[in-house]
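Below is model.txt, which holds compact mmCIF, C-alpha atoms.
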```
# COMPACT_ATOMS: atom_id res chain seq x y z
CA MET A 1 -20.73 -6.84 -13.93
CA GLY A 2 -20.21 -7.94 -17.55
CA ALA A 3 -18.28 -6.24 -20.31
CA ARG A 4 -21.37 -4.33 -21.46
CA GLY A 5 -21.84 -2.85 -17.98
CA ARG A 6 -18.21 -1.82 -17.73
CA GLU A 7 -18.27 -0.13 -21.13
CA SER A 8 -21.23 2.02 -20.12
CA TYR A 9 -19.06 3.70 -17.49
CA SER A 10 -16.08 4.46 -19.76
CA ILE A 11 -15.11 8.08 -20.36
CA GLN A 12 -13.87 8.70 -23.89
CA SER A 13 -11.40 11.44 -22.96
CA VAL A 14 -9.79 9.16 -20.38
CA GLU A 15 -9.73 6.29 -22.89
CA ASN A 16 -7.94 8.56 -25.36
CA ALA A 17 -5.41 9.67 -22.76
CA LEU A 18 -4.61 6.09 -21.82
CA ASP A 19 -4.32 5.12 -25.50
CA VAL A 20 -1.75 7.88 -26.02
CA LEU A 21 0.31 6.85 -22.98
CA GLU A 22 0.24 3.18 -23.96
CA ALA A 23 1.24 3.98 -27.53
CA LEU A 24 4.10 6.16 -26.30
CA SER A 25 5.32 3.39 -23.99
CA GLU A 26 5.51 0.98 -26.93
CA GLU A 27 7.77 3.25 -29.00
CA GLU A 28 11.48 2.40 -28.86
CA GLY A 29 12.60 6.02 -28.75
CA GLU A 30 11.20 9.53 -28.89
CA VAL A 31 8.15 10.13 -31.05
CA ARG A 32 6.39 13.07 -32.71
CA ILE A 33 2.73 13.95 -32.20
CA SER A 34 2.08 13.29 -35.90
CA ARG A 35 3.25 9.69 -35.45
CA LEU A 36 0.93 9.12 -32.47
CA SER A 37 -1.95 10.82 -34.28
CA GLN A 38 -1.54 8.57 -37.31
CA ARG A 39 -1.10 5.41 -35.26
CA LEU A 40 -4.15 6.02 -33.05
CA GLY A 41 -6.43 7.61 -35.63
CA MET A 42 -6.80 10.74 -33.46
CA ASN A 43 -6.55 14.31 -34.72
CA LYS A 44 -3.32 16.13 -33.97
CA THR A 45 -4.98 18.82 -31.87
CA SER A 46 -6.40 16.25 -29.45
CA VAL A 47 -3.07 14.45 -29.15
CA PHE A 48 -1.25 17.75 -28.65
CA ARG A 49 -3.57 18.79 -25.82
CA LEU A 50 -3.18 15.45 -24.09
CA MET A 51 0.61 15.59 -24.44
CA ALA A 52 0.69 19.13 -23.06
CA THR A 53 -1.25 17.96 -20.00
CA PHE A 54 1.01 14.93 -19.53
CA GLU A 55 4.08 17.14 -19.90
CA SER A 56 2.83 19.57 -17.23
CA ARG A 57 2.48 16.63 -14.81
CA GLY A 58 5.80 15.02 -15.73
CA TYR A 59 4.33 11.94 -17.43
CA VAL A 60 6.00 12.83 -20.72
CA GLU A 61 9.01 15.00 -21.48
CA ARG A 62 11.04 16.39 -24.37
CA GLU A 63 14.24 18.27 -24.91
CA ASP A 64 14.00 22.07 -25.12
CA GLY A 65 12.87 23.04 -28.60
CA SER A 66 12.24 19.44 -29.63
CA SER A 67 8.95 18.17 -31.05
CA LYS A 68 9.70 14.57 -30.01
CA TYR A 69 8.29 13.14 -26.77
CA ARG A 70 9.20 10.28 -24.44
CA LEU A 71 7.80 8.96 -21.17
CA GLY A 72 8.74 11.12 -18.18
CA LEU A 73 9.77 10.51 -14.60
CA SER A 74 6.23 10.61 -13.22
CA ALA A 75 5.31 7.55 -15.30
CA TYR A 76 8.44 5.81 -14.03
CA GLU A 77 7.64 6.68 -10.42
CA VAL A 78 4.11 5.27 -10.70
CA ALA A 79 5.48 2.06 -12.20
CA GLN A 80 8.10 1.76 -9.46
CA LYS A 81 5.47 2.14 -6.74
CA LEU A 82 3.39 -0.60 -8.30
CA LEU A 83 6.39 -2.92 -8.66
CA SER A 84 7.37 -2.23 -5.06
CA ARG A 85 3.92 -3.22 -3.83
CA MET A 86 3.92 -6.34 -5.99
CA GLU A 87 7.29 -7.30 -4.50
CA LEU A 88 5.93 -6.68 -1.00
CA LEU A 89 2.91 -8.87 -1.75
CA ARG A 90 5.06 -11.64 -3.21
CA LYS A 91 7.22 -11.80 -0.10
CA ALA A 92 4.42 -11.31 2.42
CA ARG A 93 1.79 -13.68 1.06
CA PRO A 94 3.39 -17.02 2.09
CA VAL A 95 3.99 -15.70 5.62
CA MET A 96 0.40 -14.46 5.81
CA GLU A 97 -0.93 -17.85 4.74
CA LYS A 98 1.15 -19.61 7.39
CA LEU A 99 -0.02 -17.15 10.05
CA VAL A 100 -3.68 -17.75 9.16
CA ARG A 101 -3.18 -21.51 9.35
CA SER A 102 -1.78 -21.02 12.84
CA THR A 103 -4.17 -18.41 14.24
CA LYS A 104 -7.20 -19.19 12.05
CA GLU A 105 -7.91 -15.42 11.92
CA ALA A 106 -7.99 -13.07 8.92
CA VAL A 107 -4.70 -11.31 8.16
CA TYR A 108 -4.35 -8.22 5.96
CA LEU A 109 -1.43 -6.63 4.16
CA THR A 110 -1.83 -2.85 4.35
CA VAL A 111 0.18 -0.04 2.77
CA PRO A 112 0.36 3.74 3.33
CA ARG A 113 -1.24 5.97 0.73
CA THR A 114 -1.12 9.76 1.13
CA GLY A 115 -2.41 10.13 4.67
CA GLU A 116 -4.41 6.93 4.54
CA VAL A 117 -3.91 3.21 5.04
CA LEU A 118 -5.02 0.95 2.18
CA PHE A 119 -6.08 -2.62 2.95
CA PHE A 120 -4.26 -4.14 -0.01
CA ASP A 121 -4.56 -7.93 0.33
CA MET A 122 -6.01 -10.54 2.69
CA VAL A 123 -5.82 -14.20 3.65
CA ASP A 124 -9.22 -14.96 5.15
CA THR A 125 -10.13 -16.66 8.42
CA THR A 126 -11.10 -20.32 8.47
CA TYR A 127 -13.93 -19.61 10.92
CA GLN A 128 -17.51 -19.39 9.66
CA VAL A 129 -18.15 -16.25 11.73
CA LYS A 130 -15.99 -13.59 10.09
CA ILE A 131 -15.67 -9.88 9.41
CA VAL A 132 -16.67 -8.67 5.95
CA SER A 133 -13.62 -8.23 3.69
CA LEU A 134 -11.80 -4.91 4.01
CA VAL A 135 -9.68 -5.31 0.86
CA GLY A 136 -9.66 -2.07 -1.14
CA ARG A 137 -10.86 0.06 1.76
CA ARG A 138 -8.94 3.11 2.98
CA TYR A 139 -8.94 4.77 6.38
CA PRO A 140 -7.14 7.84 7.77
CA LEU A 141 -3.80 6.66 9.18
CA GLU A 142 -4.50 7.84 12.72
CA THR A 143 -7.84 6.00 13.03
CA THR A 144 -6.89 2.31 12.83
CA ALA A 145 -4.32 -0.05 14.33
CA ALA A 146 -2.85 -0.66 10.86
CA GLY A 147 -2.44 3.07 10.27
CA ARG A 148 -1.24 4.00 13.75
CA VAL A 149 1.52 1.40 13.71
CA GLN A 150 2.63 2.80 10.35
CA LEU A 151 2.75 6.29 11.84
CA ALA A 152 4.72 4.97 14.82
CA PHE A 153 7.45 3.57 12.57
CA ALA A 154 7.38 6.20 9.81
CA GLU A 155 10.09 8.80 9.38
CA GLU A 156 9.35 11.98 11.34
CA SER A 157 9.22 13.92 8.07
CA ASP A 158 6.53 11.59 6.72
CA ARG A 159 4.17 12.10 9.65
CA PRO A 160 1.32 14.63 9.67
CA GLN A 161 1.13 17.24 12.41
CA LEU A 162 0.25 15.47 15.66
CA ASP A 163 -0.88 16.65 19.07
CA GLU A 164 0.95 15.60 22.25
CA GLY A 165 -1.53 12.83 23.00
CA GLN A 166 -1.02 11.29 19.57
CA LYS A 167 2.76 11.53 19.91
CA LEU A 168 2.65 9.71 23.24
CA ASP A 169 0.43 7.04 21.71
CA LEU A 170 2.88 6.49 18.85
CA THR A 171 5.82 6.32 21.27
CA ARG A 172 4.02 3.59 23.22
CA ILE A 173 3.20 1.66 20.03
CA HIS A 174 6.80 1.90 18.86
CA ALA A 175 8.07 0.59 22.21
CA GLN A 176 5.82 -2.48 22.25
CA GLY A 177 6.19 -3.21 18.54
CA PHE A 178 2.50 -3.59 17.74
CA CYS A 179 -0.80 -1.73 17.96
CA GLN A 180 -4.18 -2.95 19.18
CA ASP A 181 -7.57 -1.29 18.83
CA THR A 182 -11.23 -2.16 19.11
CA GLY A 183 -14.17 -0.74 17.21
CA THR A 184 -12.37 1.39 14.62
CA LEU A 185 -13.03 -1.12 11.83
CA GLY A 186 -16.58 -1.78 12.97
CA ASP A 187 -18.60 -2.59 16.06
CA GLY A 188 -17.34 -5.72 17.78
CA VAL A 189 -14.11 -5.83 15.74
CA THR A 190 -10.61 -5.97 17.23
CA ALA A 191 -7.44 -5.44 15.19
CA LEU A 192 -3.75 -6.04 15.89
CA ALA A 193 -1.06 -4.60 13.62
CA VAL A 194 2.73 -4.75 13.30
CA PRO A 195 5.03 -2.72 11.04
CA LEU A 196 6.75 -4.04 7.93
CA LEU A 197 10.17 -2.46 7.43
CA THR A 198 12.70 -2.47 4.61
CA LYS A 199 16.44 -1.98 4.50
CA GLY A 200 17.41 1.04 6.57
CA GLY A 201 14.25 0.78 8.67
CA ARG A 202 12.04 2.41 6.04
CA LEU A 203 8.32 1.70 6.39
CA ALA A 204 6.80 -0.59 3.75
CA GLY A 205 3.39 -1.14 5.33
CA SER A 206 1.84 -3.17 8.11
CA LEU A 207 0.43 -6.60 8.81
CA CYS A 208 -2.99 -6.52 10.46
CA LEU A 209 -4.93 -9.36 12.12
CA VAL A 210 -8.68 -8.71 12.32
CA ALA A 211 -11.27 -10.74 14.26
CA PRO A 212 -14.53 -10.48 16.23
CA ASP A 213 -14.12 -9.31 19.82
CA PHE A 214 -15.42 -12.57 21.28
CA ARG A 215 -12.39 -14.44 19.89
CA MET A 216 -9.92 -11.77 21.04
CA SER A 217 -9.59 -11.92 24.81
CA GLU A 218 -6.64 -10.09 26.36
CA GLU A 219 -5.12 -13.43 27.34
CA ILE A 220 -5.33 -14.83 23.81
CA ILE A 221 -3.92 -11.62 22.37
CA ARG A 222 -1.04 -11.51 24.86
CA ASP A 223 -0.08 -15.18 24.84
CA GLU A 224 -0.92 -16.29 21.29
CA LEU A 225 -1.89 -13.75 18.66
CA ALA A 226 0.45 -10.81 19.33
CA PRO A 227 3.63 -12.96 19.56
CA GLN A 228 2.75 -14.79 16.33
CA LEU A 229 1.91 -11.56 14.52
CA VAL A 230 5.16 -9.93 15.67
CA GLU A 231 7.10 -12.98 14.48
CA ALA A 232 5.38 -12.87 11.08
CA GLY A 233 6.17 -9.16 10.76
CA THR A 234 9.79 -9.86 11.62
CA ILE A 235 10.04 -12.56 8.95
CA ILE A 236 8.51 -10.38 6.23
CA SER A 237 10.69 -7.42 7.21
CA SER A 238 13.80 -9.61 6.99
CA LYS A 239 12.72 -10.68 3.49
CA LEU A 240 12.48 -6.99 2.61
CA GLY A 241 16.06 -6.40 3.75
CA TYR A 242 15.52 -5.17 7.31
CA VAL A 243 18.09 -6.58 9.73
CA GLY A 244 16.66 -5.31 13.01
CA HIS A 245 14.85 -7.67 15.32
CA PHE A 246 11.86 -7.76 17.62
CA LEU A 247 12.45 -8.32 21.32
CA GLY A 248 9.60 -8.92 23.74
CA GLY A 249 7.15 -7.25 21.38
CA GLY A 250 9.34 -4.18 20.93
CA VAL A 251 11.56 -3.41 18.00
CA SER A 252 15.30 -3.24 18.35
CA PRO A 253 16.91 -1.53 15.37
CA GLY A 254 19.76 -3.32 13.69
CA ARG A 255 22.56 -2.05 11.51
CA ASN A 256 21.35 -1.65 7.95
```
Serialized structure, structure tokens:
Amino acid sequence: MGARGRESYSIQSVENALDVLEALSEEEGEVRISRLSQRLGMNKTSVFRLMATFESRGYVEREDGSSKYRLGLSAYEVAQKLLSRMELLRKARPVMEKLVRSTKEAVYLTVPRTGEVLFFDMVDTTYQVKIVSLVGRRYPLETTAAGRVQLAFAEESDRPQLDEGQKLDLTRIHAQGFCQDTGTLGDGVTALAVPLLTKGGRLAGSLCLVAPDFRMSEEIIRDELAPQLVEAGTIISSKLGYVGHFLGGGVSPGRN
């Protein structure tokens, strides 16, 4: 889609809101609404309403009784999440590329996102027969190998309410160090996933290998793919500061 097509979908009120936030971020200190209004060519009432909305959500803040605004903690938190994911991608990508050269299968970097798993990045298979790209897609955590392995290694407080069957499933996944499923990403599709952990054993995401069923026999998974995927997950986790180790497919926590 060209620039003309993109412009046709823009929403002026959202454009104005983003203009205000960007202008505020470029100011060295606190700033009054009149300054933003003059700089952006917007009327003061519109700027005031936008700032009031941002303030209610924590994206801007001001001292009690002050008419000067600055960026708030919510804006900082969003930026930190983005930087964290960029750091994860930077450290994971070379390992993913090496794993694909070895296995020849597609490997995804996935991250948790409010009850879902987001397929964030991919290094594609070298085979001609491949699964359509999943980058940008989201699935409920409990429905895919990538999500279930994240649940298995997440803090108890970060998990949704689970039934006994789901708890037993997560215990099994945690013990073996990886998760395998068939059909949840599409008919004839098998996925393997391992956790990615940071310092202190905190969950960062998961690494997920995806391939057609006919290339994923139990023997190949057991003897070739699962061990290599577990090793790749261990390497990425160590780059993220995790000092535990994987033993026989299971995870042995280290001292962090």
task: Find the spatial neighbours of Thr103 of chain A, counting all atoms listed in the file, within a cut-off of 8 Å - ignore same-chain residues fewer than 3 positions away - and output them as number ranges by chain.
output: A: 99-100, 225
Next, write the just-selected residues to a file, as a CSV table (one decimal), keeping the file's coordinate frame, keeping C-alpha atoms as the atom set.
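Output file out-v9.csv is given in full below:
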```csv
chain,number,residue,atom,x,y,z
A,99,LEU,CA,0.0,-17.2,10.0
A,100,VAL,CA,-3.7,-17.8,9.2
A,225,LEU,CA,-1.9,-13.8,18.7
```
Give me, as JSON lines, the closest atom pair and its distance (Å, one decimal) for every residue of segment 37-123 of chain A within a cut-off of 12 Å of segment 25-29 of chain A, counting only C-alpha atoms, rows sorted by chain and rising number.
```
{"residue": "A:Arg39", "atom": "CA", "partner": "A:Glu27", "partner_atom": "CA", "distance": 11.1}
{"residue": "A:Tyr59", "atom": "CA", "partner": "A:Ser25", "partner_atom": "CA", "distance": 10.8}
{"residue": "A:Val60", "atom": "CA", "partner": "A:Ser25", "partner_atom": "CA", "distance": 10.0}
{"residue": "A:Arg62", "atom": "CA", "partner": "A:Gly29", "partner_atom": "CA", "distance": 11.4}
{"residue": "A:Lys68", "atom": "CA", "partner": "A:Gly29", "partner_atom": "CA", "distance": 9.1}
{"residue": "A:Tyr69", "atom": "CA", "partner": "A:Gly29", "partner_atom": "CA", "distance": 8.6}
{"residue": "A:Arg70", "atom": "CA", "partner": "A:Gly29", "partner_atom": "CA", "distance": 6.9}
{"residue": "A:Leu71", "atom": "CA", "partner": "A:Ser25", "partner_atom": "CA", "distance": 6.7}
{"residue": "A:Gly72", "atom": "CA", "partner": "A:Ser25", "partner_atom": "CA", "distance": 10.3}
{"residue": "A:Ala75", "atom": "CA", "partner": "A:Ser25", "partner_atom": "CA", "distance": 9.6}
{"residue": "A:Tyr76", "atom": "CA", "partner": "A:Ser25", "partner_atom": "CA", "distance": 10.7}
{"residue": "A:Ala79", "atom": "CA", "partner": "A:Ser25", "partner_atom": "CA", "distance": 11.9}
```
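Distance annotation: of A:Ala52, A:Val129, A:Ala146, A:Leu196, the residue with the minimal separation from Asp213 of chain A is A:Val129; atom set is all atoms listed in the file.
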statement: Taken to one decimal, the atom CA of Phe178 of chain A-atom CA of Gly201 of chain A distance is 15.5 Å
message: To one decimal place in Å, what is the distance between atom CA of Ala23 of chain A and atom CA of Arg49 of chain A?
response: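 These atoms are spaced 15.7 Å apart.
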Spatial neighbours of Arg172 of chain A, max dist 10 Å, all atoms listed in the file, sep filter under 6 positions, as a count of residues only: 5
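Atom CA of Leu109 of chain A is found 17.2 Å from atom CA of Lys130 of chain A.
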Coordinates of segment 3-72 of chain A, C-alpha atoms, as a tab-separated table (two decimals), in the first residue's frame:
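Generated output (selection13.tsv):
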```
chain	number	residue	atom	x	y	z
A	3	ALA	CA	1.47	6.62	1.01
A	4	ARG	CA	-1.88	7.72	-0.46
A	5	GLY	CA	-3.55	4.51	0.74
A	6	ARG	CA	-2.11	4.86	4.23
A	7	GLU	CA	-3.25	8.46	4.53
A	8	SER	CA	-6.83	7.51	3.72
A	9	TYR	CA	-6.97	5.47	6.92
A	10	SER	CA	-5.56	8.16	9.25
A	11	ILE	CA	-7.75	9.49	12.06
A	12	GLN	CA	-7.24	13.18	12.70
A	13	SER	CA	-7.90	13.02	16.44
A	14	VAL	CA	-5.28	10.29	16.83
A	15	GLU	CA	-2.85	12.26	14.66
A	16	ASN	CA	-3.35	15.28	16.93
A	17	ALA	CA	-2.82	13.21	20.07
A	18	LEU	CA	0.43	11.76	18.72
A	19	ASP	CA	1.60	15.23	17.64
A	20	VAL	CA	1.08	16.51	21.19
A	21	LEU	CA	2.96	13.59	22.77
A	22	GLU	CA	5.84	13.91	20.31
A	23	ALA	CA	6.07	17.66	20.87
A	24	LEU	CA	6.06	17.16	24.64
A	25	SER	CA	8.83	14.56	24.38
A	26	GLU	CA	11.02	17.05	22.50
A	27	GLU	CA	10.79	19.72	25.22
A	28	GLU	CA	13.74	19.86	27.61
A	29	GLY	CA	11.60	20.50	30.67
A	30	GLU	CA	8.01	21.08	31.67
A	31	VAL	CA	5.78	22.94	29.24
A	32	ARG	CA	2.50	24.87	29.31
A	33	ILE	CA	-0.50	24.11	27.10
A	34	SER	CA	-0.14	27.54	25.48
A	35	ARG	CA	3.37	26.61	24.32
A	36	LEU	CA	2.18	23.34	22.75
A	37	SER	CA	-0.82	25.08	21.19
A	38	GLN	CA	1.39	27.70	19.57
A	39	ARG	CA	3.99	25.20	18.41
A	40	LEU	CA	1.48	22.80	16.84
A	41	GLY	CA	-1.01	25.33	15.53
A	42	MET	CA	-3.82	23.70	17.54
A	43	ASN	CA	-6.38	25.58	19.63
A	44	LYS	CA	-5.84	25.52	23.38
A	45	THR	CA	-9.10	23.74	24.11
A	46	SER	CA	-8.14	20.77	21.94
A	47	VAL	CA	-4.68	20.55	23.51
A	48	PHE	CA	-6.16	20.83	27.00
A	49	ARG	CA	-8.60	17.97	26.37
A	50	LEU	CA	-5.85	15.75	25.01
A	51	MET	CA	-3.59	16.54	27.96
A	52	ALA	CA	-6.40	15.82	30.42
A	53	THR	CA	-6.88	12.40	28.80
A	54	PHE	CA	-3.14	11.68	28.84
A	55	GLU	CA	-2.94	12.76	32.47
A	56	SER	CA	-5.78	10.42	33.48
A	57	ARG	CA	-3.86	7.51	31.92
A	58	GLY	CA	-0.48	8.52	33.34
A	59	TYR	CA	1.12	9.48	30.02
A	60	VAL	CA	1.68	13.05	31.21
A	61	GLU	CA	1.90	14.50	34.70
A	62	ARG	CA	2.26	17.81	36.54
A	63	GLU	CA	2.81	19.02	40.05
A	64	ASP	CA	-0.29	19.85	42.10
A	65	GLY	CA	-1.53	23.29	41.13
A	66	SER	CA	0.96	23.61	38.27
A	67	SER	CA	0.00	24.41	34.68
A	68	LYS	CA	3.21	22.86	33.31
A	69	TYR	CA	3.24	19.29	31.99
A	70	ARG	CA	5.89	16.62	31.43
A	71	LEU	CA	5.84	13.03	30.20
A	72	GLY	CA	4.55	10.58	32.80
```
